[in-house]
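Visitor: Sending over entry36.csv (CSV, C-alpha atoms).
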```csv
chain,number,residue,atom,x,y,z
R,1,MET,CA,22.9,41.3,-110.1
R,2,THR,CA,22.7,45.0,-110.0
R,3,PRO,CA,20.5,46.7,-107.4
R,4,PRO,CA,18.3,48.3,-110.2
R,5,ASP,CA,17.8,44.9,-111.8
R,6,TYR,CA,16.8,43.5,-108.4
R,7,GLU,CA,14.4,46.3,-107.8
R,8,TYR,CA,12.9,45.8,-111.2
R,9,LEU,CA,12.3,42.1,-110.6
R,10,ARG,CA,10.9,42.7,-107.1
R,11,LYS,CA,8.3,45.1,-108.4
R,12,LEU,CA,7.5,42.9,-111.4
R,13,LEU,CA,6.9,39.9,-109.2
R,14,LYS,CA,4.9,41.8,-106.7
R,15,ASP,CA,2.6,43.2,-109.4
R,16,HIS,CA,2.1,39.9,-111.2
R,17,SER,CA,1.8,37.4,-108.4
R,18,GLY,CA,1.8,39.1,-105.0
R,19,LEU,CA,5.2,37.6,-104.4
R,20,ASP,CA,7.0,39.9,-102.0
R,21,LEU,CA,10.7,39.4,-101.9
R,22,SER,CA,12.6,41.0,-99.1
R,23,ALA,CA,15.8,43.0,-99.9
R,24,ASP,CA,18.0,40.0,-99.4
R,25,LYS,CA,16.7,37.4,-101.8
R,26,GLN,CA,19.2,37.9,-104.5
R,27,TYR,CA,20.4,34.2,-104.2
R,28,LEU,CA,16.8,33.0,-104.7
R,29,ILE,CA,16.5,35.1,-107.9
R,30,GLU,CA,19.8,33.9,-109.2
R,31,SER,CA,19.2,30.3,-108.5
R,32,ARG,CA,15.8,30.4,-110.3
R,33,LEU,CA,16.5,32.8,-113.1
R,34,LEU,CA,20.0,31.9,-114.2
R,35,PRO,CA,18.8,28.6,-115.6
R,36,LEU,CA,15.9,30.4,-117.2
R,37,SER,CA,18.2,33.0,-118.8
R,38,ARG,CA,20.2,30.2,-120.3
R,39,LYS,CA,17.1,28.4,-121.5
R,40,CYS,CA,16.2,31.7,-123.3
R,41,GLY,CA,19.6,31.9,-124.8
R,42,LEU,CA,20.6,34.9,-122.7
R,43,ALA,CA,23.9,35.5,-121.0
R,44,GLY,CA,22.5,36.4,-117.6
R,45,ILE,CA,19.9,38.1,-115.4
R,46,SER,CA,20.7,41.6,-116.7
R,47,GLU,CA,20.0,40.5,-120.3
R,48,LEU,CA,16.8,38.9,-119.0
R,49,VAL,CA,15.7,42.2,-117.4
R,50,GLN,CA,16.6,44.1,-120.6
R,51,LYS,CA,14.4,41.8,-122.6
R,52,MET,CA,11.5,42.2,-120.3
R,53,LYS,CA,11.8,46.0,-120.3
R,54,GLY,CA,11.6,45.8,-124.1
R,55,GLY,CA,8.3,44.1,-123.7
R,56,ALA,CA,8.4,40.3,-123.7
R,57,PRO,CA,5.2,38.9,-122.0
R,58,ALA,CA,6.2,35.3,-122.6
R,59,ILE,CA,9.4,35.8,-120.7
R,60,VAL,CA,7.6,37.7,-117.9
R,61,ALA,CA,5.2,34.7,-117.5
R,62,GLN,CA,8.2,32.3,-117.3
R,63,VAL,CA,9.9,34.5,-114.8
R,64,VAL,CA,6.8,34.6,-112.6
R,65,GLU,CA,6.5,30.8,-113.0
R,66,ALA,CA,10.1,30.2,-112.2
R,67,MET,CA,10.0,32.4,-109.1
R,68,THR,CA,6.7,31.1,-107.7
R,69,THR,CA,7.3,27.4,-108.3
R,70,ASN,CA,8.6,25.8,-105.2
R,71,GLU,CA,11.4,23.3,-104.9
R,72,THR,CA,9.6,20.4,-103.5
R,73,PHE,CA,10.4,16.8,-102.4
R,74,PHE,CA,8.5,13.9,-101.2
R,75,PHE,CA,7.9,14.1,-97.4
R,76,ARG,CA,9.7,17.5,-97.4
R,77,ASP,CA,11.2,18.2,-94.0
R,78,LYS,CA,9.8,14.9,-92.7
R,79,VAL,CA,8.6,16.3,-89.4
R,80,PRO,CA,5.3,17.7,-90.7
R,81,PHE,CA,4.4,14.2,-92.0
R,82,ASP,CA,5.3,12.7,-88.7
R,83,HIS,CA,2.9,15.3,-87.1
R,84,PHE,CA,0.3,14.3,-89.7
R,85,ARG,CA,0.6,10.6,-88.9
R,86,ASP,CA,1.1,10.8,-85.1
R,87,SER,CA,-0.8,13.9,-84.0
R,88,ILE,CA,-3.3,15.1,-86.7
R,89,MET,CA,-4.7,11.8,-88.0
R,90,PRO,CA,-5.4,10.2,-84.6
R,91,GLU,CA,-7.4,13.2,-83.5
R,92,VAL,CA,-9.2,13.5,-86.8
R,93,LEU,CA,-10.1,9.8,-86.7
R,94,LYS,CA,-11.7,10.4,-83.3
R,95,ALA,CA,-13.3,13.7,-84.1
R,96,ARG,CA,-14.8,12.5,-87.4
R,97,ALA,CA,-15.7,9.0,-86.3
R,98,ALA,CA,-19.4,9.7,-86.9
R,99,ARG,CA,-19.1,11.5,-90.2
R,100,LYS,CA,-16.2,9.2,-91.5
R,101,SER,CA,-14.9,11.8,-93.9
R,102,ILE,CA,-11.7,13.9,-94.1
R,103,ARG,CA,-11.0,16.8,-96.3
R,104,ILE,CA,-7.4,17.9,-96.8
R,105,TRP,CA,-6.1,20.8,-98.8
R,106,CYS,CA,-2.6,21.3,-100.1
R,107,ALA,CA,-2.6,25.0,-100.8
R,108,ALA,CA,0.7,25.0,-102.6
R,109,GLY,CA,0.5,21.5,-104.1
R,110,SER,CA,3.2,22.3,-106.7
R,111,THR,CA,4.3,19.2,-108.7
R,112,GLY,CA,2.5,16.8,-106.4
R,113,GLN,CA,5.1,15.6,-104.0
R,114,GLU,CA,3.3,16.9,-101.0
R,115,PRO,CA,-0.3,15.8,-101.8
R,116,TYR,CA,1.0,12.4,-102.9
R,117,SER,CA,3.1,12.1,-99.7
R,118,LEU,CA,-0.1,12.6,-97.7
R,119,ALA,CA,-1.9,10.1,-99.9
R,120,MET,CA,0.8,7.5,-99.3
R,121,SER,CA,0.7,8.2,-95.6
R,122,LEU,CA,-3.1,7.7,-95.6
R,123,LYS,CA,-2.6,4.5,-97.6
R,124,GLU,CA,-0.2,3.2,-94.9
R,125,MET,CA,-3.0,3.6,-92.4
R,126,SER,CA,-5.8,2.2,-94.6
R,127,ALA,CA,-6.9,-0.3,-91.9
R,128,ALA,CA,-8.0,2.5,-89.7
R,129,LEU,CA,-9.6,4.3,-92.6
R,130,ALA,CA,-11.8,1.5,-94.0
R,131,GLY,CA,-15.1,3.0,-95.0
R,132,TRP,CA,-13.9,6.6,-94.8
R,133,ARG,CA,-14.3,9.1,-97.5
R,134,ILE,CA,-11.0,10.9,-98.0
R,135,GLU,CA,-10.5,14.0,-100.2
R,136,ILE,CA,-7.2,15.6,-100.9
R,137,ILE,CA,-7.4,18.8,-102.9
R,138,ALA,CA,-4.1,20.1,-104.4
R,139,THR,CA,-4.1,23.7,-105.7
R,140,ASP,CA,-1.4,25.7,-107.3
R,141,LEU,CA,-1.0,29.0,-109.1
R,142,SER,CA,0.6,27.3,-112.1
R,143,GLN,CA,-1.3,25.2,-114.5
R,144,GLU,CA,1.9,23.7,-115.9
R,145,VAL,CA,2.9,22.5,-112.4
R,146,LEU,CA,-0.6,21.0,-111.8
R,147,GLU,CA,-0.3,19.1,-115.1
R,148,LYS,CA,2.9,17.5,-113.9
R,149,SER,CA,1.3,16.7,-110.6
R,150,LYS,CA,-1.7,15.1,-112.3
R,151,ALA,CA,0.6,12.9,-114.4
R,152,GLY,CA,2.5,11.8,-111.3
R,153,ILE,CA,5.6,11.1,-113.3
R,154,TYR,CA,9.0,11.9,-111.7
R,155,SER,CA,12.6,11.7,-112.6
R,156,GLN,CA,15.1,9.3,-110.9
R,157,PHE,CA,16.5,12.4,-109.1
R,158,GLU,CA,13.0,13.4,-107.9
R,159,VAL,CA,12.1,10.0,-106.5
R,160,GLN,CA,15.3,10.0,-104.5
R,161,ARG,CA,14.6,13.2,-102.6
R,162,GLY,CA,12.8,12.4,-99.4
R,163,LEU,CA,11.0,9.2,-100.5
R,164,PRO,CA,11.9,6.1,-98.5
R,165,ILE,CA,12.9,3.3,-100.9
R,166,GLN,CA,10.2,1.0,-99.5
R,167,MET,CA,7.6,3.5,-100.6
R,168,LEU,CA,9.1,3.8,-104.1
R,169,VAL,CA,8.8,0.0,-104.4
R,170,LYS,CA,5.3,0.0,-103.0
R,171,TYR,CA,3.7,2.9,-104.7
R,172,PHE,CA,5.5,3.5,-108.0
R,173,LYS,CA,5.8,1.9,-111.4
R,174,GLN,CA,9.1,2.2,-113.3
R,175,ASN,CA,9.1,3.3,-116.9
R,176,GLY,CA,12.8,3.5,-118.1
R,177,GLU,CA,14.4,6.4,-116.2
R,178,LEU,CA,11.0,7.7,-115.1
R,179,TRP,CA,8.8,6.6,-112.2
R,180,GLN,CA,5.0,7.1,-112.1
R,181,ILE,CA,3.1,7.0,-108.9
R,182,ASN,CA,0.4,4.3,-108.9
R,183,ALA,CA,-3.1,5.1,-110.3
R,184,ASP,CA,-4.8,4.4,-106.9
R,185,ILE,CA,-2.6,7.0,-105.2
R,186,ARG,CA,-3.2,9.5,-108.1
R,187,ALA,CA,-6.9,9.0,-107.8
R,188,MET,CA,-6.8,10.2,-104.2
R,189,VAL,CA,-5.8,13.7,-105.2
R,190,GLN,CA,-7.9,16.3,-107.0
R,191,HIS,CA,-6.3,19.2,-108.7
R,192,ARG,CA,-7.5,22.8,-109.1
R,193,GLN,CA,-5.8,25.9,-110.3
R,194,LEU,CA,-5.9,28.7,-107.6
R,195,ASN,CA,-4.3,31.9,-106.8
R,196,LEU,CA,-4.3,32.4,-103.0
R,197,LEU,CA,-4.7,36.1,-103.5
R,198,HIS,CA,-8.2,35.4,-104.8
R,199,ASP,CA,-11.3,34.1,-103.0
R,200,PHE,CA,-11.1,30.3,-102.3
R,201,SER,CA,-14.2,29.8,-100.2
R,202,GLN,CA,-15.7,27.8,-103.0
R,203,LEU,CA,-13.3,24.9,-102.1
R,204,GLY,CA,-15.5,24.3,-99.0
R,205,MET,CA,-14.4,23.4,-95.4
R,206,PHE,CA,-11.3,21.5,-94.5
R,207,ASP,CA,-10.1,19.4,-91.6
R,208,VAL,CA,-6.4,19.8,-92.5
R,209,ILE,CA,-4.7,22.5,-94.5
R,210,PHE,CA,-1.1,22.2,-95.6
R,211,CYS,CA,0.1,25.6,-96.7
R,212,ARG,CA,3.8,25.3,-96.7
R,213,ASN,CA,6.6,27.5,-98.1
R,214,VAL,CA,4.3,29.7,-100.0
R,215,LEU,CA,3.2,32.5,-97.6
R,216,ILE,CA,6.9,33.2,-97.0
R,217,TYR,CA,6.9,35.1,-100.3
R,218,PHE,CA,3.9,37.4,-99.5
R,219,ASP,CA,4.0,40.7,-97.6
R,220,GLN,CA,2.6,41.1,-94.1
R,221,ASP,CA,-0.8,42.4,-95.0
R,222,THR,CA,-1.3,39.7,-97.6
R,223,LYS,CA,-0.2,37.0,-95.2
R,224,ILE,CA,-2.7,38.3,-92.6
R,225,ASN,CA,-5.5,38.4,-95.1
R,226,ILE,CA,-4.7,34.8,-96.3
R,227,PHE,CA,-4.6,33.5,-92.7
R,228,GLY,CA,-8.0,35.1,-92.1
R,229,ARG,CA,-9.5,33.3,-95.1
R,230,LEU,CA,-7.8,30.0,-94.3
R,231,ALA,CA,-9.3,30.1,-90.9
R,232,LYS,CA,-12.8,30.6,-92.4
R,233,SER,CA,-12.2,27.6,-94.7
R,234,MET,CA,-11.2,25.4,-91.7
R,235,GLU,CA,-13.3,23.4,-89.3
R,236,ALA,CA,-13.1,24.7,-85.7
R,237,ASP,CA,-11.1,21.7,-84.7
R,238,GLY,CA,-8.9,21.5,-87.8
R,239,PHE,CA,-5.2,21.7,-88.3
R,240,LEU,CA,-3.0,24.1,-90.2
R,241,VAL,CA,0.5,23.0,-91.2
R,242,LEU,CA,3.0,25.7,-92.2
R,243,GLY,CA,6.6,25.5,-93.6
R,244,ALA,CA,9.4,25.2,-91.1
R,245,ALA,CA,10.4,28.8,-91.7
R,246,GLU,CA,6.9,30.2,-91.4
R,247,THR,CA,4.7,31.2,-88.4
R,248,VAL,CA,1.5,33.0,-87.5
R,249,VAL,CA,3.1,34.4,-84.4
R,250,GLY,CA,3.2,38.2,-84.5
R,251,LEU,CA,0.9,38.3,-87.5
R,252,THR,CA,-2.5,37.1,-86.5
R,253,ASP,CA,-4.4,35.3,-83.7
R,254,VAL,CA,-6.9,33.4,-85.8
R,255,PHE,CA,-4.5,30.4,-85.5
R,256,LYS,CA,-2.5,29.4,-82.4
R,257,PRO,CA,0.6,27.2,-82.4
R,258,PHE,CA,0.1,23.6,-81.3
R,259,PRO,CA,2.3,23.0,-78.2
R,260,ASP,CA,5.6,21.3,-78.9
R,261,LYS,CA,4.9,20.6,-82.6
R,262,ARG,CA,6.7,23.0,-84.8
R,263,GLY,CA,4.8,24.1,-87.9
R,264,LEU,CA,1.5,22.9,-86.6
R,265,TYR,CA,-1.4,25.3,-85.8
R,266,ARG,CA,-5.0,25.2,-84.8
R,267,PRO,CA,-7.8,27.7,-85.1
R,268,ASN,CA,-8.0,29.9,-82.1
R,269,ALA,CA,-11.3,28.8,-80.4
R,270,ALA,CA,-11.4,31.8,-78.0
R,271,ARG,CA,-11.1,34.2,-80.9
R,272,ALA,CA,-13.6,32.3,-83.0
R,273,ALA,CA,-16.1,32.5,-80.1
R,274,THR,CA,-15.7,36.3,-79.7
R,275,ALA,CA,-15.9,36.8,-83.4
R,276,ALA,CA,-19.1,34.8,-83.5
R,277,MET,CA,-20.8,36.7,-80.7
R,278,PRO,CA,-21.7,40.0,-82.5
R,279,LYS,CA,-23.2,37.9,-85.2
R,280,ILE,CA,-25.5,36.1,-82.7
R,281,ALA,CA,-26.3,39.4,-81.1
R,282,ALA,CA,-27.2,40.9,-84.4
R,283,MET,CA,-29.5,37.9,-85.2
R,284,ALA,CA,-31.1,38.2,-81.8
R,285,GLY,CA,-31.8,41.8,-82.4
R,286,ARG,CA,-33.5,41.2,-85.7
K,1,MET,CA,32.4,10.0,-84.8
K,2,LYS,CA,30.3,7.7,-86.9
K,3,THR,CA,32.1,5.5,-89.4
K,4,CYS,CA,31.1,4.7,-93.0
K,5,LEU,CA,32.7,2.1,-95.2
K,6,VAL,CA,32.6,3.1,-98.9
K,7,VAL,CA,32.6,0.1,-101.2
K,8,ASP,CA,33.1,0.8,-104.9
K,9,ASP,CA,35.5,-0.4,-107.5
K,10,SER,CA,35.8,3.1,-109.0
K,11,GLY,CA,38.3,5.3,-107.3
K,12,VAL,CA,36.5,8.4,-108.6
K,13,VAL,CA,33.2,7.4,-107.0
K,14,ARG,CA,34.9,6.5,-103.7
K,15,LYS,CA,36.6,10.0,-103.7
K,16,ILE,CA,33.3,11.8,-104.4
K,17,ALA,CA,31.5,9.7,-101.7
K,18,ARG,CA,34.3,10.3,-99.2
K,19,ARG,CA,34.1,14.1,-99.7
K,20,ILE,CA,30.3,14.1,-99.3
K,21,LEU,CA,30.3,11.9,-96.2
K,22,GLU,CA,33.3,13.6,-94.5
K,23,GLU,CA,31.4,16.8,-94.8
K,24,MET,CA,28.5,15.1,-92.9
K,25,GLY,CA,30.9,14.2,-90.2
K,26,PHE,CA,31.7,10.5,-91.0
K,27,GLU,CA,35.0,8.8,-90.6
K,28,ILE,CA,35.6,7.0,-93.9
K,29,THR,CA,37.2,3.7,-94.7
K,30,GLU,CA,37.3,2.4,-98.3
K,31,ALA,CA,37.2,-0.9,-100.0
K,32,GLU,CA,37.3,-1.7,-103.8
K,33,ASP,CA,35.3,-4.9,-103.7
K,34,GLY,CA,33.0,-7.0,-101.5
K,35,GLU,CA,35.7,-9.3,-100.3
K,36,LYS,CA,37.9,-6.5,-99.0
K,37,ALA,CA,34.9,-4.8,-97.5
K,38,LEU,CA,34.1,-8.0,-95.6
K,39,GLU,CA,37.6,-8.0,-94.1
K,40,VAL,CA,37.1,-4.5,-92.9
K,41,CYS,CA,33.8,-5.4,-91.3
K,42,LYS,CA,35.3,-8.4,-89.6
K,43,ARG,CA,38.0,-6.2,-88.0
K,44,ALA,CA,35.5,-3.5,-86.9
K,45,MET,CA,31.8,-3.0,-87.8
K,46,PRO,CA,31.2,0.4,-89.4
K,47,ASP,CA,28.0,2.3,-88.6
K,48,ALA,CA,27.2,2.6,-92.3
K,49,VAL,CA,28.1,1.0,-95.6
K,50,LEU,CA,27.7,2.8,-98.9
K,51,LEU,CA,27.7,-0.1,-101.3
K,52,ASP,CA,28.1,-0.5,-105.0
K,53,TRP,CA,26.5,-3.5,-106.7
K,54,ASN,CA,28.7,-4.5,-109.6
K,55,MET,CA,32.3,-5.1,-108.6
K,56,PRO,CA,35.0,-7.7,-109.4
K,57,VAL,CA,35.9,-10.5,-107.0
K,58,MET,CA,32.7,-10.2,-104.8
K,59,ASP,CA,29.7,-8.0,-105.8
K,60,GLY,CA,27.7,-5.9,-103.4
K,61,TYR,CA,24.8,-8.2,-103.2
K,62,GLU,CA,26.9,-11.2,-102.2
K,63,PHE,CA,28.8,-9.0,-99.7
K,64,LEU,CA,25.5,-8.0,-98.1
K,65,GLY,CA,24.5,-11.6,-97.6
K,66,HIS,CA,27.8,-12.4,-95.9
K,67,LEU,CA,27.7,-9.3,-93.8
K,68,ARG,CA,24.2,-9.9,-92.4
K,69,ARG,CA,25.3,-13.4,-91.2
K,70,LEU,CA,28.4,-12.1,-89.4
K,71,PRO,CA,28.2,-11.6,-85.6
K,72,GLY,CA,27.0,-8.0,-85.2
K,73,GLY,CA,26.5,-7.9,-89.0
K,74,ASP,CA,22.9,-6.8,-88.7
K,75,ALA,CA,24.0,-3.5,-87.1
K,76,PRO,CA,25.4,-1.4,-90.0
K,77,LYS,CA,22.9,0.6,-92.1
K,78,VAL,CA,23.6,-0.5,-95.6
K,79,VAL,CA,22.8,1.9,-98.4
K,80,PHE,CA,23.2,0.6,-101.9
K,81,CYS,CA,24.6,3.1,-104.4
K,82,THR,CA,24.6,1.6,-107.9
K,83,THR,CA,23.7,2.1,-111.6
K,84,GLU,CA,21.4,-0.9,-111.2
K,85,ASN,CA,18.2,1.1,-111.1
K,86,GLY,CA,15.6,-1.5,-111.9
K,87,MET,CA,12.7,-2.4,-109.6
K,88,ASP,CA,13.9,-6.0,-109.6
K,89,HIS,CA,17.3,-5.1,-108.2
K,90,ILE,CA,15.9,-2.7,-105.6
K,91,SER,CA,13.5,-5.4,-104.4
K,92,ARG,CA,16.2,-8.0,-104.2
K,93,ALA,CA,18.5,-5.6,-102.2
K,94,LEU,CA,15.8,-4.8,-99.7
K,95,HIS,CA,14.9,-8.5,-99.3
K,96,ALA,CA,18.6,-9.2,-98.6
K,97,GLY,CA,18.7,-6.6,-95.8
K,98,ALA,CA,19.6,-3.3,-97.5
K,99,ASN,CA,18.3,-0.3,-95.6
K,100,GLU,CA,18.2,2.2,-98.4
K,101,TYR,CA,19.0,2.4,-102.1
K,102,ILE,CA,20.6,5.2,-104.2
K,103,MET,CA,20.4,5.0,-108.0
K,104,LYS,CA,23.5,6.6,-109.6
K,105,PRO,CA,24.1,9.3,-110.6
K,106,PHE,CA,23.8,10.7,-107.1
K,107,ASP,CA,24.6,14.0,-105.4
K,108,LYS,CA,25.1,15.4,-101.9
K,109,ASP,CA,21.4,16.0,-101.3
K,110,ILE,CA,20.4,12.5,-102.2
K,111,VAL,CA,23.0,11.0,-100.0
K,112,ALA,CA,21.9,13.3,-97.1
K,113,ASP,CA,18.2,12.4,-97.6
K,114,LYS,CA,18.9,8.7,-97.6
K,115,PHE,CA,21.2,8.8,-94.6
K,116,LYS,CA,18.5,10.8,-92.8
K,117,GLU,CA,15.9,8.3,-93.8
K,118,VAL,CA,17.8,5.5,-92.0
K,119,GLY,CA,18.7,7.6,-89.0
K,120,LEU,CA,22.4,8.0,-89.7
K,121,ILE,CA,22.2,11.8,-89.6
K,122,GLU,CA,19.7,14.0,-87.8
K,123,VAL,CA,16.9,15.9,-89.5
K,124,THR,CA,17.6,19.6,-89.2
K,125,GLU,CA,15.0,22.3,-89.7
K,126,PRO,CA,15.4,25.9,-90.7
K,127,THR,CA,14.5,28.3,-87.9
K,128,PRO,CA,11.3,30.5,-88.3
K,129,VAL,CA,11.9,33.9,-89.7
```
Just give me the structure as structure tokens.
Guide:
Amino acid sequence: MTPPDYEYLRKLLKDHSGLDLSADKQYLIESRLLPLSRKCGLAGISELVQKMKGGAPAIVAQVVEAMTTNETFFFRDKVPFDHFRDSIMPEVLKARAARKSIRIWCAAGSTGQEPYSLAMSLKEMSAALAGWRIEIIATDLSQEVLEKSKAGIYSQFEVQRGLPIQMLVKYFKQNGELWQINADIRAMVQHRQLNLLHDFSQLGMFDVIFCRNVLIYFDQDTKINIFGRLAKSMEADGFLVLGAAETVVGLTDVFKPFPDKRGLYRPNAARAATAAMPKIAAMAGR
Amino acid sequence: MKTCLVVDDSGVVRKIARRILEEMGFEITEAEDGEKALEVCKRAMPDAVLLDWNMPVMDGYEFLGHLRRLPGGDAPKVVFCTTENGMDHISRALHAGANEYIMKPFDKDIVADKFKEVGLIEVTEPTPV
């Protein structure tokens, strides 16, 4: 890919989705856009860029979609789901014992593997959750991806990435070469289209937010802005889970790392307290 | 070095599996049917068995039954790798003591995921950037 083509794509993606590719993401573009080029009957990425320069909104939309859709597997990276089962849920069960409700947000729900992995994890601990109200909200930028998530239908390849075979047997029904996750698991997940660049306060407050492998594409300021708004959408004793290659460190202090659990963060109580003080002072002065 | 016995009547599949597993650091032995695989296990139990279902002489399912009754035969992690992709076959395999199940066609990522799942290889994480 030529440097001018790369720059063109970088700017296009930044303008259309906030996606901020650093100077070294050629491989990512190639792995996502070569298949798209072929699908459009074009020889390669140069031809794709030429086509877009000539004005092809349908192709632009597909390029944005291809670049912002995350590769995703069931129980991706495994560790975050161990944290969910072993660290997050035991604390949430204690902290919400009176209210008996849990709200979880998958902020880059993609084709459903992540929200359904959480749903299956919760199903596995259903004895402890009897009588609890559980909400899992999956959001994504792409409506197409959300439709796939809603359907919960996966190829043989997809169900073999990260999903233990016992879970396939327990929670899926086979239909030829395809596998559909059971209706009771699907019913645990609600879907909403959402661009993280826009206001999401209408989603309400969450106990747990999974926001993995999406902020990685945004620039610093956008990340800081999103972290700030995520903190406002989270209960003071909630949990934030980021992707393995993501961190808040050096960007913001609204969240702090959870000791010894990589990828796990909590709202920074000290900061929340100082932030709240001027408000109280203002009220007192009124 | 961990050892893996690759059992498949297709030389091509054994070769592909060998290449994938050697890259993951396994020492490989091969067998072309269940009976030969059983002989290998009687000499020395491997850490892992990648097991086809349909083979001449003795199929993978029958092999698994014999293996699990051998002294020390409960130790190897057995991962089926077969074109039998029906729920009924998967359930039977798990019931007979299989640890994981790969539906062909497979690739390196699937083998790696399944071997991670049963603890044969470690889960590695990318470092924060």
Visitor: May I ask for the distance between CA of Ile88 in chain R and CA of Leu203 in chain R, given in Å to one decimal place?
Guide: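 Those two atoms sit 20.8 Å apart.
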Visitor: Compute the set of chain R residues within 12 Å of chain K, using all atoms listed in the file, and express it as a PyMOL selection string.
Guide: chain R and resi 22+73-80+155-179+213+215-217+242-250+262-263
Visitor: Which is closer to Glu7 in chain R than all the others in R:Gln26, R:Thr72, R:Ser233, R:Gln143, using only C-alpha atoms?
Guide: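 Ranking R:Gln26, R:Thr72, R:Ser233, R:Gln143 by distance to Glu7 in chain R, first place goes to R:Gln26.
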Visitor: Which residues are near Leu50 in chain K? Cut-off 7 Å, only C-alpha atoms, ignore same chain within fewer than 4 positions. Put them as a PyMOL selection string.
Guide: chain K and resi 5-7+78-81
Visitor: Using only C-alpha atoms, which of R:Ile45, R:Cys40, R:Ala236, R:Ala128 sits nearest Pro3 in chain R?
Guide: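 Among the listed residues, R:Ile45 lies closest to Pro3 in chain R.
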